[in-house]
file protein-v7.cif (mmCIF, N, CA and C atoms and all ligand atoms)
data_model
loop_
_atom_site.label_atom_id
_atom_site.label_comp_id
_atom_site.auth_asym_id
_atom_site.auth_seq_id
_atom_site.Cartn_x
_atom_site.Cartn_y
_atom_site.Cartn_z
N MET A 394 2.94 -25.77 13.69
CA MET A 394 3.31 -27.17 13.76
C MET A 394 2.19 -27.99 14.41
N HIS A 395 1.43 -27.32 15.30
CA HIS A 395 0.28 -28.00 15.90
C HIS A 395 -0.70 -28.42 14.81
N ALA A 396 -0.91 -27.58 13.85
CA ALA A 396 -1.82 -27.90 12.74
C ALA A 396 -1.28 -29.07 11.92
N ILE A 397 0.02 -29.09 11.68
CA ILE A 397 0.62 -30.19 10.91
C ILE A 397 0.49 -31.50 11.68
N ARG A 398 0.86 -31.45 12.97
CA ARG A 398 0.78 -32.68 13.78
C ARG A 398 -0.65 -33.18 13.90
N GLY A 399 -1.61 -32.25 13.98
CA GLY A 399 -3.00 -32.62 14.14
C GLY A 399 -3.73 -32.86 12.83
N ASP A 400 -3.02 -32.73 11.71
CA ASP A 400 -3.61 -32.92 10.38
C ASP A 400 -4.86 -32.04 10.20
N ALA A 401 -4.76 -30.82 10.73
CA ALA A 401 -5.89 -29.87 10.66
C ALA A 401 -5.79 -29.09 9.35
N HIS A 402 -6.46 -29.60 8.34
CA HIS A 402 -6.32 -29.05 6.99
C HIS A 402 -6.68 -27.57 6.87
N GLU A 403 -7.74 -27.14 7.56
CA GLU A 403 -8.12 -25.72 7.46
C GLU A 403 -7.05 -24.83 8.07
N GLU A 404 -6.48 -25.26 9.20
CA GLU A 404 -5.43 -24.47 9.83
C GLU A 404 -4.16 -24.50 8.98
N ILE A 405 -3.84 -25.64 8.42
CA ILE A 405 -2.67 -25.75 7.54
C ILE A 405 -2.83 -24.81 6.36
N ARG A 406 -4.02 -24.79 5.79
CA ARG A 406 -4.28 -23.91 4.64
C ARG A 406 -4.14 -22.44 5.06
N ALA A 407 -4.62 -22.12 6.27
CA ALA A 407 -4.52 -20.72 6.74
C ALA A 407 -3.07 -20.31 6.95
N HIS A 408 -2.25 -21.22 7.45
CA HIS A 408 -0.85 -20.88 7.75
C HIS A 408 0.06 -20.97 6.53
N PHE A 409 -0.14 -22.01 5.73
CA PHE A 409 0.83 -22.30 4.67
C PHE A 409 0.24 -22.32 3.26
N GLY A 410 -1.05 -22.35 3.13
CA GLY A 410 -1.68 -22.47 1.82
C GLY A 410 -2.14 -23.89 1.55
N SER A 411 -1.29 -24.86 1.88
CA SER A 411 -1.64 -26.28 1.72
C SER A 411 -0.55 -27.11 2.39
N LEU A 412 -0.83 -28.39 2.59
CA LEU A 412 0.17 -29.30 3.16
C LEU A 412 1.35 -29.42 2.19
N GLU A 413 1.05 -29.45 0.90
CA GLU A 413 2.09 -29.55 -0.11
C GLU A 413 3.01 -28.31 -0.07
N ALA A 414 2.41 -27.16 0.14
CA ALA A 414 3.22 -25.93 0.22
C ALA A 414 4.12 -25.97 1.44
N TRP A 415 3.62 -26.48 2.57
CA TRP A 415 4.45 -26.60 3.77
C TRP A 415 5.59 -27.58 3.52
N GLN A 416 5.30 -28.72 2.88
CA GLN A 416 6.32 -29.73 2.61
C GLN A 416 7.39 -29.20 1.65
N ALA A 417 7.02 -28.24 0.82
CA ALA A 417 7.97 -27.70 -0.16
C ALA A 417 8.85 -26.58 0.40
N ILE A 418 8.63 -26.19 1.65
CA ILE A 418 9.40 -25.09 2.23
C ILE A 418 10.90 -25.41 2.27
N GLY A 419 11.25 -26.65 2.57
CA GLY A 419 12.66 -27.01 2.62
C GLY A 419 13.25 -26.72 3.98
N ASP A 420 14.57 -26.71 4.07
CA ASP A 420 15.23 -26.42 5.33
C ASP A 420 16.13 -25.20 5.17
N TRP A 421 16.97 -24.94 6.19
CA TRP A 421 17.80 -23.73 6.16
C TRP A 421 18.79 -23.75 5.01
N SER A 422 19.14 -24.95 4.52
CA SER A 422 20.12 -24.99 3.42
C SER A 422 19.54 -24.44 2.12
N THR A 423 18.21 -24.35 2.03
CA THR A 423 17.58 -23.84 0.81
C THR A 423 17.02 -22.42 1.00
N PHE A 424 17.21 -21.87 2.19
CA PHE A 424 16.66 -20.55 2.48
C PHE A 424 17.60 -19.45 1.99
N ASP A 425 17.08 -18.58 1.13
CA ASP A 425 17.85 -17.44 0.65
C ASP A 425 17.52 -16.23 1.52
N VAL A 426 18.49 -15.71 2.19
CA VAL A 426 18.28 -14.55 3.05
C VAL A 426 17.99 -13.34 2.17
N PRO A 427 16.87 -12.65 2.39
CA PRO A 427 16.56 -11.46 1.58
C PRO A 427 17.66 -10.41 1.72
N GLN A 428 17.99 -9.80 0.63
CA GLN A 428 19.03 -8.77 0.61
C GLN A 428 18.47 -7.48 0.03
N PRO A 429 17.70 -6.74 0.83
CA PRO A 429 17.16 -5.47 0.30
C PRO A 429 18.29 -4.49 0.00
N SER A 430 18.01 -3.59 -0.89
CA SER A 430 18.99 -2.57 -1.27
C SER A 430 19.38 -1.75 -0.04
N ARG A 431 20.64 -1.42 0.05
CA ARG A 431 21.13 -0.57 1.15
C ARG A 431 21.22 0.89 0.70
N VAL A 432 20.80 1.14 -0.54
CA VAL A 432 20.85 2.50 -1.09
C VAL A 432 19.51 3.18 -0.83
N PRO A 433 19.50 4.22 0.00
CA PRO A 433 18.23 4.91 0.26
C PRO A 433 17.64 5.50 -1.02
N SER A 434 16.34 5.45 -1.12
CA SER A 434 15.67 6.06 -2.26
C SER A 434 14.36 6.68 -1.77
N LEU A 435 13.88 7.63 -2.52
CA LEU A 435 12.63 8.31 -2.16
C LEU A 435 11.54 7.87 -3.12
N LEU A 436 10.33 7.81 -2.60
CA LEU A 436 9.19 7.47 -3.44
C LEU A 436 8.68 8.72 -4.15
N ASP A 437 8.14 8.48 -5.34
CA ASP A 437 7.39 9.52 -6.04
C ASP A 437 5.96 9.45 -5.50
N HIS A 438 5.47 10.54 -4.96
CA HIS A 438 4.12 10.54 -4.39
C HIS A 438 3.07 11.05 -5.36
N GLY A 439 3.50 11.35 -6.58
CA GLY A 439 2.54 11.71 -7.61
C GLY A 439 2.15 13.17 -7.63
N TYR A 440 2.88 14.00 -6.92
CA TYR A 440 2.64 15.44 -6.98
C TYR A 440 3.94 16.15 -6.63
N ASP A 441 4.01 17.43 -6.92
CA ASP A 441 5.22 18.21 -6.67
C ASP A 441 5.34 18.48 -5.17
N GLU A 442 6.20 17.73 -4.52
CA GLU A 442 6.34 17.85 -3.08
C GLU A 442 7.13 19.09 -2.66
N ASP A 443 7.70 19.77 -3.63
CA ASP A 443 8.40 21.01 -3.32
C ASP A 443 7.43 22.18 -3.15
N LEU A 444 6.21 22.02 -3.66
CA LEU A 444 5.21 23.08 -3.50
C LEU A 444 4.75 23.13 -2.05
N PRO A 445 4.65 24.32 -1.47
CA PRO A 445 4.07 24.41 -0.12
C PRO A 445 2.58 24.08 -0.17
N ALA A 446 2.06 23.55 0.90
CA ALA A 446 0.65 23.15 0.94
C ALA A 446 -0.28 24.32 0.63
N THR A 447 0.15 25.52 0.92
CA THR A 447 -0.70 26.69 0.63
C THR A 447 -0.89 26.89 -0.87
N ALA A 448 -0.04 26.27 -1.69
CA ALA A 448 -0.16 26.40 -3.15
C ALA A 448 -0.86 25.21 -3.79
N TRP A 449 -1.20 24.21 -3.00
CA TRP A 449 -1.87 23.04 -3.55
C TRP A 449 -3.26 23.44 -4.03
N ASP A 450 -3.65 22.88 -5.18
CA ASP A 450 -4.98 23.18 -5.72
C ASP A 450 -5.64 21.90 -6.21
N ALA A 451 -6.83 22.05 -6.77
CA ALA A 451 -7.62 20.89 -7.18
C ALA A 451 -6.89 20.04 -8.21
N ASP A 452 -6.13 20.65 -9.11
CA ASP A 452 -5.39 19.87 -10.10
C ASP A 452 -4.36 18.96 -9.41
N LEU A 453 -3.67 19.50 -8.41
CA LEU A 453 -2.70 18.69 -7.67
C LEU A 453 -3.40 17.55 -6.94
N TYR A 454 -4.55 17.81 -6.34
CA TYR A 454 -5.30 16.77 -5.63
C TYR A 454 -5.69 15.66 -6.60
N ARG A 455 -6.19 16.07 -7.78
CA ARG A 455 -6.62 15.08 -8.78
C ARG A 455 -5.43 14.27 -9.30
N ASP A 456 -4.31 14.95 -9.52
CA ASP A 456 -3.11 14.24 -9.99
C ASP A 456 -2.64 13.22 -8.97
N ALA A 457 -2.64 13.60 -7.70
CA ALA A 457 -2.20 12.68 -6.64
C ALA A 457 -3.14 11.48 -6.56
N ALA A 458 -4.44 11.72 -6.68
CA ALA A 458 -5.41 10.63 -6.64
C ALA A 458 -5.25 9.73 -7.86
N ASP A 459 -5.06 10.33 -9.02
CA ASP A 459 -4.87 9.56 -10.25
C ASP A 459 -3.61 8.69 -10.14
N PHE A 460 -2.56 9.21 -9.55
CA PHE A 460 -1.32 8.46 -9.36
C PHE A 460 -1.57 7.21 -8.52
N ARG A 461 -2.50 7.29 -7.59
CA ARG A 461 -2.85 6.15 -6.73
C ARG A 461 -3.94 5.28 -7.35
N GLY A 462 -4.33 5.61 -8.59
CA GLY A 462 -5.33 4.82 -9.28
C GLY A 462 -6.75 5.17 -8.91
N GLY A 463 -6.92 6.28 -8.23
CA GLY A 463 -8.26 6.67 -7.79
C GLY A 463 -8.65 8.01 -8.34
N GLY A 464 -9.51 8.66 -7.61
CA GLY A 464 -9.97 9.96 -8.05
C GLY A 464 -10.46 10.80 -6.89
N LEU A 465 -10.56 12.07 -7.16
CA LEU A 465 -11.12 13.03 -6.20
C LEU A 465 -12.59 13.18 -6.53
N ILE A 466 -13.45 12.94 -5.56
CA ILE A 466 -14.89 13.05 -5.77
C ILE A 466 -15.38 14.45 -5.43
N THR A 467 -14.87 15.00 -4.35
CA THR A 467 -15.29 16.33 -3.93
C THR A 467 -14.98 17.33 -5.05
N GLY A 468 -15.98 18.08 -5.43
CA GLY A 468 -15.81 19.01 -6.53
C GLY A 468 -15.36 20.39 -6.11
N ASP A 469 -15.80 20.82 -4.94
CA ASP A 469 -15.49 22.17 -4.49
C ASP A 469 -14.43 22.08 -3.40
N VAL A 470 -13.20 22.39 -3.76
CA VAL A 470 -12.10 22.31 -2.80
C VAL A 470 -11.47 23.68 -2.62
N THR A 471 -10.87 23.87 -1.47
CA THR A 471 -10.25 25.15 -1.15
C THR A 471 -8.74 25.01 -1.24
N ARG A 472 -8.15 25.91 -2.01
CA ARG A 472 -6.69 25.90 -2.17
C ARG A 472 -6.02 26.00 -0.80
N GLY A 473 -5.08 25.06 -0.57
CA GLY A 473 -4.27 25.10 0.64
C GLY A 473 -4.93 24.58 1.90
N ASP A 474 -6.20 24.18 1.83
CA ASP A 474 -6.88 23.63 3.02
C ASP A 474 -6.54 22.14 3.11
N ILE A 475 -5.63 21.80 3.99
CA ILE A 475 -5.21 20.41 4.08
C ILE A 475 -5.89 19.66 5.22
N ALA A 476 -6.78 20.34 5.96
CA ALA A 476 -7.39 19.72 7.13
C ALA A 476 -8.81 19.19 6.88
N THR A 477 -9.52 19.77 5.94
CA THR A 477 -10.91 19.38 5.71
C THR A 477 -10.96 18.04 4.97
N PRO A 478 -11.74 17.08 5.49
CA PRO A 478 -11.87 15.81 4.77
C PRO A 478 -12.52 16.00 3.40
N LEU A 479 -11.96 15.34 2.41
CA LEU A 479 -12.50 15.33 1.05
C LEU A 479 -12.93 13.90 0.72
N ALA A 480 -13.80 13.75 -0.26
CA ALA A 480 -14.24 12.42 -0.69
C ALA A 480 -13.35 11.95 -1.85
N TRP A 481 -12.91 10.72 -1.76
CA TRP A 481 -12.01 10.13 -2.74
C TRP A 481 -12.53 8.76 -3.13
N THR A 482 -12.02 8.25 -4.23
CA THR A 482 -12.25 6.85 -4.59
C THR A 482 -10.90 6.22 -4.91
N CYS A 483 -10.78 4.93 -4.59
CA CYS A 483 -9.53 4.23 -4.88
C CYS A 483 -9.67 3.47 -6.20
N ALA A 484 -8.64 2.77 -6.58
CA ALA A 484 -8.63 2.03 -7.84
C ALA A 484 -9.66 0.90 -7.85
N HIS A 485 -10.14 0.51 -6.67
CA HIS A 485 -11.11 -0.58 -6.58
C HIS A 485 -12.52 -0.08 -6.34
N GLY A 486 -12.72 1.22 -6.46
CA GLY A 486 -14.06 1.79 -6.35
C GLY A 486 -14.53 2.07 -4.94
N HIS A 487 -13.70 1.87 -3.95
CA HIS A 487 -14.09 2.22 -2.58
C HIS A 487 -14.13 3.74 -2.45
N ILE A 488 -15.10 4.22 -1.74
CA ILE A 488 -15.23 5.65 -1.50
C ILE A 488 -14.89 5.91 -0.03
N PHE A 489 -14.07 6.90 0.21
CA PHE A 489 -13.64 7.18 1.58
C PHE A 489 -13.38 8.67 1.74
N ALA A 490 -13.29 9.11 2.98
CA ALA A 490 -13.00 10.51 3.29
C ALA A 490 -11.60 10.59 3.87
N ALA A 491 -10.85 11.58 3.43
CA ALA A 491 -9.52 11.83 3.98
C ALA A 491 -9.14 13.27 3.70
N SER A 492 -8.50 13.87 4.67
CA SER A 492 -7.97 15.22 4.44
C SER A 492 -6.70 15.09 3.60
N LEU A 493 -6.25 16.19 3.07
CA LEU A 493 -4.99 16.18 2.32
C LEU A 493 -3.82 15.88 3.25
N ARG A 494 -3.92 16.34 4.48
CA ARG A 494 -2.87 16.04 5.45
C ARG A 494 -2.76 14.53 5.62
N LEU A 495 -3.90 13.86 5.74
CA LEU A 495 -3.90 12.41 5.92
C LEU A 495 -3.46 11.69 4.65
N GLY A 496 -4.00 12.12 3.52
CA GLY A 496 -3.74 11.39 2.28
C GLY A 496 -2.40 11.70 1.62
N LEU A 497 -2.01 12.96 1.64
CA LEU A 497 -0.78 13.31 0.93
C LEU A 497 0.42 13.43 1.84
N THR A 498 0.28 14.09 2.96
CA THR A 498 1.47 14.26 3.80
C THR A 498 1.71 13.07 4.72
N ALA A 499 0.66 12.38 5.14
CA ALA A 499 0.85 11.23 6.04
C ALA A 499 0.87 9.91 5.28
N GLY A 500 0.50 9.91 4.00
CA GLY A 500 0.62 8.71 3.18
C GLY A 500 -0.50 7.71 3.29
N HIS A 501 -1.60 8.08 3.90
CA HIS A 501 -2.73 7.14 3.98
C HIS A 501 -3.51 7.18 2.68
N TRP A 502 -4.24 6.09 2.40
CA TRP A 502 -5.10 6.06 1.25
C TRP A 502 -6.32 5.24 1.63
N CYS A 503 -6.82 4.40 0.80
CA CYS A 503 -8.10 3.73 1.02
C CYS A 503 -8.07 2.83 2.28
N PRO A 504 -8.97 3.08 3.22
CA PRO A 504 -8.98 2.25 4.44
C PRO A 504 -9.47 0.82 4.19
N GLU A 505 -10.20 0.61 3.11
CA GLU A 505 -10.63 -0.77 2.78
C GLU A 505 -9.44 -1.55 2.23
N CYS A 506 -8.74 -0.99 1.27
CA CYS A 506 -7.63 -1.69 0.62
C CYS A 506 -6.47 -1.95 1.59
N VAL A 507 -6.22 -1.01 2.50
CA VAL A 507 -5.07 -1.17 3.39
C VAL A 507 -5.24 -2.37 4.31
N ARG A 508 -6.48 -2.76 4.55
CA ARG A 508 -6.71 -3.93 5.42
C ARG A 508 -6.45 -5.24 4.69
N ASP A 509 -6.34 -5.19 3.37
CA ASP A 509 -6.16 -6.38 2.56
C ASP A 509 -4.68 -6.52 2.18
N SER A 510 -3.83 -6.68 3.18
CA SER A 510 -2.38 -6.68 2.93
C SER A 510 -1.94 -7.86 2.08
N ALA A 511 -2.68 -8.94 2.07
CA ALA A 511 -2.30 -10.10 1.25
C ALA A 511 -2.36 -9.75 -0.24
N ASN A 512 -3.12 -8.72 -0.58
CA ASN A 512 -3.27 -8.35 -1.99
C ASN A 512 -2.59 -7.04 -2.35
N TYR A 513 -1.64 -6.59 -1.56
CA TYR A 513 -0.94 -5.34 -1.87
C TYR A 513 -0.30 -5.38 -3.25
N GLU A 514 0.30 -6.52 -3.59
CA GLU A 514 0.97 -6.59 -4.89
C GLU A 514 -0.05 -6.46 -6.02
N ALA A 515 -1.20 -7.09 -5.87
CA ALA A 515 -2.25 -6.96 -6.89
C ALA A 515 -2.79 -5.54 -6.92
N GLN A 516 -2.94 -4.92 -5.75
CA GLN A 516 -3.40 -3.53 -5.70
C GLN A 516 -2.41 -2.60 -6.40
N ALA A 517 -1.13 -2.96 -6.33
CA ALA A 517 -0.09 -2.13 -6.93
C ALA A 517 -0.24 -2.02 -8.44
N GLU A 518 -0.94 -2.96 -9.05
CA GLU A 518 -1.14 -2.89 -10.51
C GLU A 518 -1.91 -1.64 -10.91
N GLY A 519 -2.76 -1.14 -10.03
CA GLY A 519 -3.53 0.05 -10.34
C GLY A 519 -3.13 1.25 -9.51
N ASN A 520 -2.03 1.16 -8.78
CA ASN A 520 -1.62 2.22 -7.87
C ASN A 520 -0.12 2.43 -8.02
N ALA A 521 0.27 3.48 -8.73
CA ALA A 521 1.68 3.73 -9.02
C ALA A 521 2.49 4.00 -7.75
N LEU A 522 1.84 4.57 -6.73
CA LEU A 522 2.55 4.81 -5.47
C LEU A 522 2.93 3.48 -4.84
N LEU A 523 1.98 2.59 -4.74
CA LEU A 523 2.22 1.28 -4.14
C LEU A 523 3.15 0.43 -5.02
N ALA A 524 3.05 0.59 -6.31
CA ALA A 524 3.88 -0.22 -7.23
C ALA A 524 5.37 0.00 -7.01
N GLN A 525 5.74 1.18 -6.52
CA GLN A 525 7.15 1.44 -6.26
C GLN A 525 7.72 0.53 -5.19
N LEU A 526 6.86 0.02 -4.32
CA LEU A 526 7.31 -0.87 -3.25
C LEU A 526 7.57 -2.28 -3.76
N PHE A 527 7.10 -2.58 -4.96
CA PHE A 527 7.27 -3.92 -5.51
C PHE A 527 8.26 -3.94 -6.67
N SER A 528 8.92 -2.81 -6.90
CA SER A 528 9.95 -2.79 -7.94
C SER A 528 11.21 -3.38 -7.32
N SER A 529 12.28 -3.48 -8.09
CA SER A 529 13.49 -4.12 -7.59
C SER A 529 14.03 -3.40 -6.37
N GLY A 530 14.03 -4.10 -5.26
CA GLY A 530 14.54 -3.54 -4.03
C GLY A 530 13.58 -2.54 -3.43
N ALA A 531 13.09 -2.83 -2.25
CA ALA A 531 12.16 -1.92 -1.59
C ALA A 531 12.89 -0.63 -1.21
N PRO A 532 12.22 0.49 -1.34
CA PRO A 532 12.86 1.75 -0.96
C PRO A 532 13.11 1.80 0.54
N ALA A 533 14.09 2.53 0.91
CA ALA A 533 14.43 2.64 2.32
C ALA A 533 13.65 3.74 3.02
N MET A 534 13.03 4.64 2.23
CA MET A 534 12.31 5.75 2.83
C MET A 534 10.97 5.92 2.12
N LEU A 535 9.97 6.35 2.88
CA LEU A 535 8.67 6.61 2.27
C LEU A 535 8.43 8.06 2.06
ZN ZN A 601 -9.87 0.60 -1.87
#
call {"tool": "encode", "arguments": {"input": "protein-v7.cif", "output": "structure tokens", "more": "lines below"}}
Ligand SMILES: [Zn+2]
result
Amino acid sequence: MHAIRGDAHEEIRAHFGSLEAWQAIGDWSTFDVPQPSRVPSLLDHGYDEDLPATAWDADLYRDAADFRGGGLITGDVTRGDIATPLAWTCAHGHIFAASLRLGLTAGHWCPECVRDSANYEAQAEGNALLAQLFSSGAPAML
């Protein structure tokens, strides 16, 4: 509100997008309270989660990366080694290192893309894992 009162256009743009966007917000009578689904659902992580980590192999790693719109760069991988960092690429071409424990069991992915939360929905276009969060009703469990 300080930005609005002070007619600080750059701050208004940072907070609301524009003065017109702020003016279009309306009041409580026009506010629709979000109603997320109360039905728990599980995400598809792009690999067979019933397999024990000791059975994971390069094909599973590649499938999981492909599901996220990226790829596995490291060529020589050890079956079941979930601790050693591997090289990956995301759907936007960023290259990063992550162990399987970090990427598959903990759910982390590209450290560059994760910082760009304003564009998660656009990132979801190339990332089937993320796209599940933008389908009807956000899942209750990850
Ligand atoms: Zn990225």
call {"tool": "atom_distance", "arguments": {"input": "protein-v7.cif", "atom1": "atom CA of Gly399 of chain A", "atom2": "atom CA of Ser422 of chain A"}}
result
26.6 Å
call {"tool": "residues_around", "arguments": {"input": "protein-v7.cif", "residues": "Gly462 of chain A", "least_positions_apart": "5", "cutoff": "6 Å", "atoms": "only N, CA and C atoms", "output": "PDB file with N, CA and C atoms, in the coordinates of the input"}}
result
ATOM      1  N   THR A 482     -12.020   8.250  -4.230  1.00  0.00           N
ATOM      2  CA  THR A 482     -12.250   6.850  -4.590  1.00  0.00           C
ATOM      3  C   THR A 482     -10.900   6.220  -4.910  1.00  0.00           C
ATOM      4  N   CYS A 483     -10.780   4.930  -4.590  1.00  0.00           N
ATOM      5  CA  CYS A 483      -9.530   4.230  -4.880  1.00  0.00           C
ATOM      6  C   CYS A 483      -9.670   3.470  -6.200  1.00  0.00           C
ATOM      7  N   ALA A 484      -8.640   2.770  -6.580  1.00  0.00           N
ATOM      8  CA  ALA A 484      -8.630   2.030  -7.840  1.00  0.00           C
ATOM      9  C   ALA A 484      -9.660   0.900  -7.850  1.00  0.00           C
ATOM     10  N   GLY A 519      -2.760  -1.140 -10.030  1.00  0.00           N
ATOM     11  CA  GLY A 519      -3.530   0.050 -10.340  1.00  0.00           C
ATOM     12  C   GLY A 519      -3.130   1.250  -9.510  1.00  0.00           C
ATOM     13  N   ASN A 520      -2.030   1.160  -8.780  1.00  0.00           N
ATOM     14  CA  ASN A 520      -1.620   2.220  -7.870  1.00  0.00           C
ATOM     15  C   ASN A 520      -0.120   2.430  -8.020  1.00  0.00           C
ATOM     16  N   ALA A 521       0.270   3.480  -8.730  1.00  0.00           N
ATOM     17  CA  ALA A 521       1.680   3.730  -9.020  1.00  0.00           C
ATOM     18  C   ALA A 521       2.490   4.000  -7.750  1.00  0.00           C
TER      19      ALA A 521
END
call {"tool": "atom_distance", "arguments": {"input": "protein-v7.cif", "atom1": "atom C of Asp469 of chain A", "atom2": "atom N of Ala517 of chain A"}}
result
28.5 Å
call {"tool": "closest_atom_pairs", "arguments": {"input": "protein-v7.cif", "of": "chain A", "to": "ligand ZN 601 (chain A)", "cutoff": "7 Å", "atoms": "all atoms listed in the file", "output": "CSV"}}
result
residue,atom,partner,partner_atom,distance
A:Thr482,C,A:ZN601,ZN,6.5
A:Cys483,CA,A:ZN601,ZN,4.7
A:Ala484,N,A:ZN601,ZN,5.3
A:His485,N,A:ZN601,ZN,4.8
A:Gly486,N,A:ZN601,ZN,5.4
A:His487,N,A:ZN601,ZN,4.5
A:Ile488,N,A:ZN601,ZN,6.4
A:Trp502,C,A:ZN601,ZN,6.8
A:Cys503,CA,A:ZN601,ZN,4.6
A:Pro504,N,A:ZN601,ZN,5.7
A:Glu505,C,A:ZN601,ZN,4.6
A:Cys506,N,A:ZN601,ZN,3.7
A:Val507,N,A:ZN601,ZN,5.9
call {"tool": "write_last_selection", "arguments": {"input": "protein-v7.cif", "atoms": "N, CA and C atoms", "output": "mmCIF file, keeping the file's coordinate frame"}}
result
data_model
loop_
_atom_site.group_PDB
_atom_site.id
_atom_site.type_symbol
_atom_site.label_atom_id
_atom_site.label_comp_id
_atom_site.auth_asym_id
_atom_site.auth_seq_id
_atom_site.Cartn_x
_atom_site.Cartn_y
_atom_site.Cartn_z
ATOM 1 N N THR A 482 -12.020 8.250 -4.230
ATOM 2 C CA THR A 482 -12.250 6.850 -4.590
ATOM 3 C C THR A 482 -10.900 6.220 -4.910
ATOM 4 N N CYS A 483 -10.780 4.930 -4.590
ATOM 5 C CA CYS A 483 -9.530 4.230 -4.880
ATOM 6 C C CYS A 483 -9.670 3.470 -6.200
ATOM 7 N N ALA A 484 -8.640 2.770 -6.580
ATOM 8 C CA ALA A 484 -8.630 2.030 -7.840
ATOM 9 C C ALA A 484 -9.660 0.900 -7.850
ATOM 10 N N HIS A 485 -10.140 0.510 -6.670
ATOM 11 C CA HIS A 485 -11.110 -0.580 -6.580
ATOM 12 C C HIS A 485 -12.520 -0.080 -6.340
ATOM 13 N N GLY A 486 -12.720 1.220 -6.460
ATOM 14 C CA GLY A 486 -14.060 1.790 -6.350
ATOM 15 C C GLY A 486 -14.530 2.070 -4.940
ATOM 16 N N HIS A 487 -13.700 1.870 -3.950
ATOM 17 C CA HIS A 487 -14.090 2.220 -2.580
ATOM 18 C C HIS A 487 -14.130 3.740 -2.450
ATOM 19 N N ILE A 488 -15.100 4.220 -1.740
ATOM 20 C CA ILE A 488 -15.230 5.650 -1.500
ATOM 21 C C ILE A 488 -14.890 5.910 -0.030
ATOM 22 N N TRP A 502 -4.240 6.090 2.400
ATOM 23 C CA TRP A 502 -5.100 6.060 1.250
ATOM 24 C C TRP A 502 -6.320 5.240 1.630
ATOM 25 N N CYS A 503 -6.820 4.400 0.800
ATOM 26 C CA CYS A 503 -8.100 3.730 1.020
ATOM 27 C C CYS A 503 -8.070 2.830 2.280
ATOM 28 N N PRO A 504 -8.970 3.080 3.220
ATOM 29 C CA PRO A 504 -8.980 2.250 4.440
ATOM 30 C C PRO A 504 -9.470 0.820 4.190
ATOM 31 N N GLU A 505 -10.200 0.610 3.110
ATOM 32 C CA GLU A 505 -10.630 -0.770 2.780
ATOM 33 C C GLU A 505 -9.440 -1.550 2.230
ATOM 34 N N CYS A 506 -8.740 -0.990 1.270
ATOM 35 C CA CYS A 506 -7.630 -1.690 0.620
ATOM 36 C C CYS A 506 -6.470 -1.950 1.590
ATOM 37 N N VAL A 507 -6.220 -1.010 2.500
ATOM 38 C CA VAL A 507 -5.070 -1.170 3.390
ATOM 39 C C VAL A 507 -5.240 -2.370 4.310
#
call {"tool": "atom_distance", "arguments": {"input": "protein-v7.cif", "atom1": "atom N of Gly463 of chain A", "atom2": "atom C of Pro429 of chain A"}}
result
28.6 Å
call {"tool": "select_by_dssp", "arguments": {"input": "protein-v7.cif", "residues": "segment 483-526 of chain A", "states": "strand (DSSP E or B)", "output": "ChimeraX atom specification"}}
result
/A:488-491
call {"tool": "closest_residue", "arguments": {"input": "protein-v7.cif", "among": "A:Met394, A:Gly473, A:Thr447, A:Tyr440", "to": "His408 of chain A", "atoms": "only C-alpha atoms"}}
result
A:Met394
call {"tool": "closest_residue", "arguments": {"input": "protein-v7.cif", "among": "A:Ala480, A:Leu435, A:Glu413, A:Glu403", "to": "Arg455 of chain A", "atoms": "only C-alpha atoms"}}
result
A:Ala480
call {"tool": "closest_residue", "arguments": {"input": "protein-v7.cif", "among": "A:Val426, A:Leu479, A:Val432, A:Ala414", "to": "Ala458 of chain A", "atoms": "only C-alpha atoms"}}
result
A:Leu479
call {"tool": "axis_aligned_box", "arguments": {"input": "protein-v7.cif", "around": "segment 463-473 of chain A", "padding_each_side": "4 Å", "output": "AutoDock Vina command-line options"}}
result
--center_x -10.1 --center_y 16.1 --center_z -3.2 --size_x 19.7 --size_y 27.7 --size_z 18.2
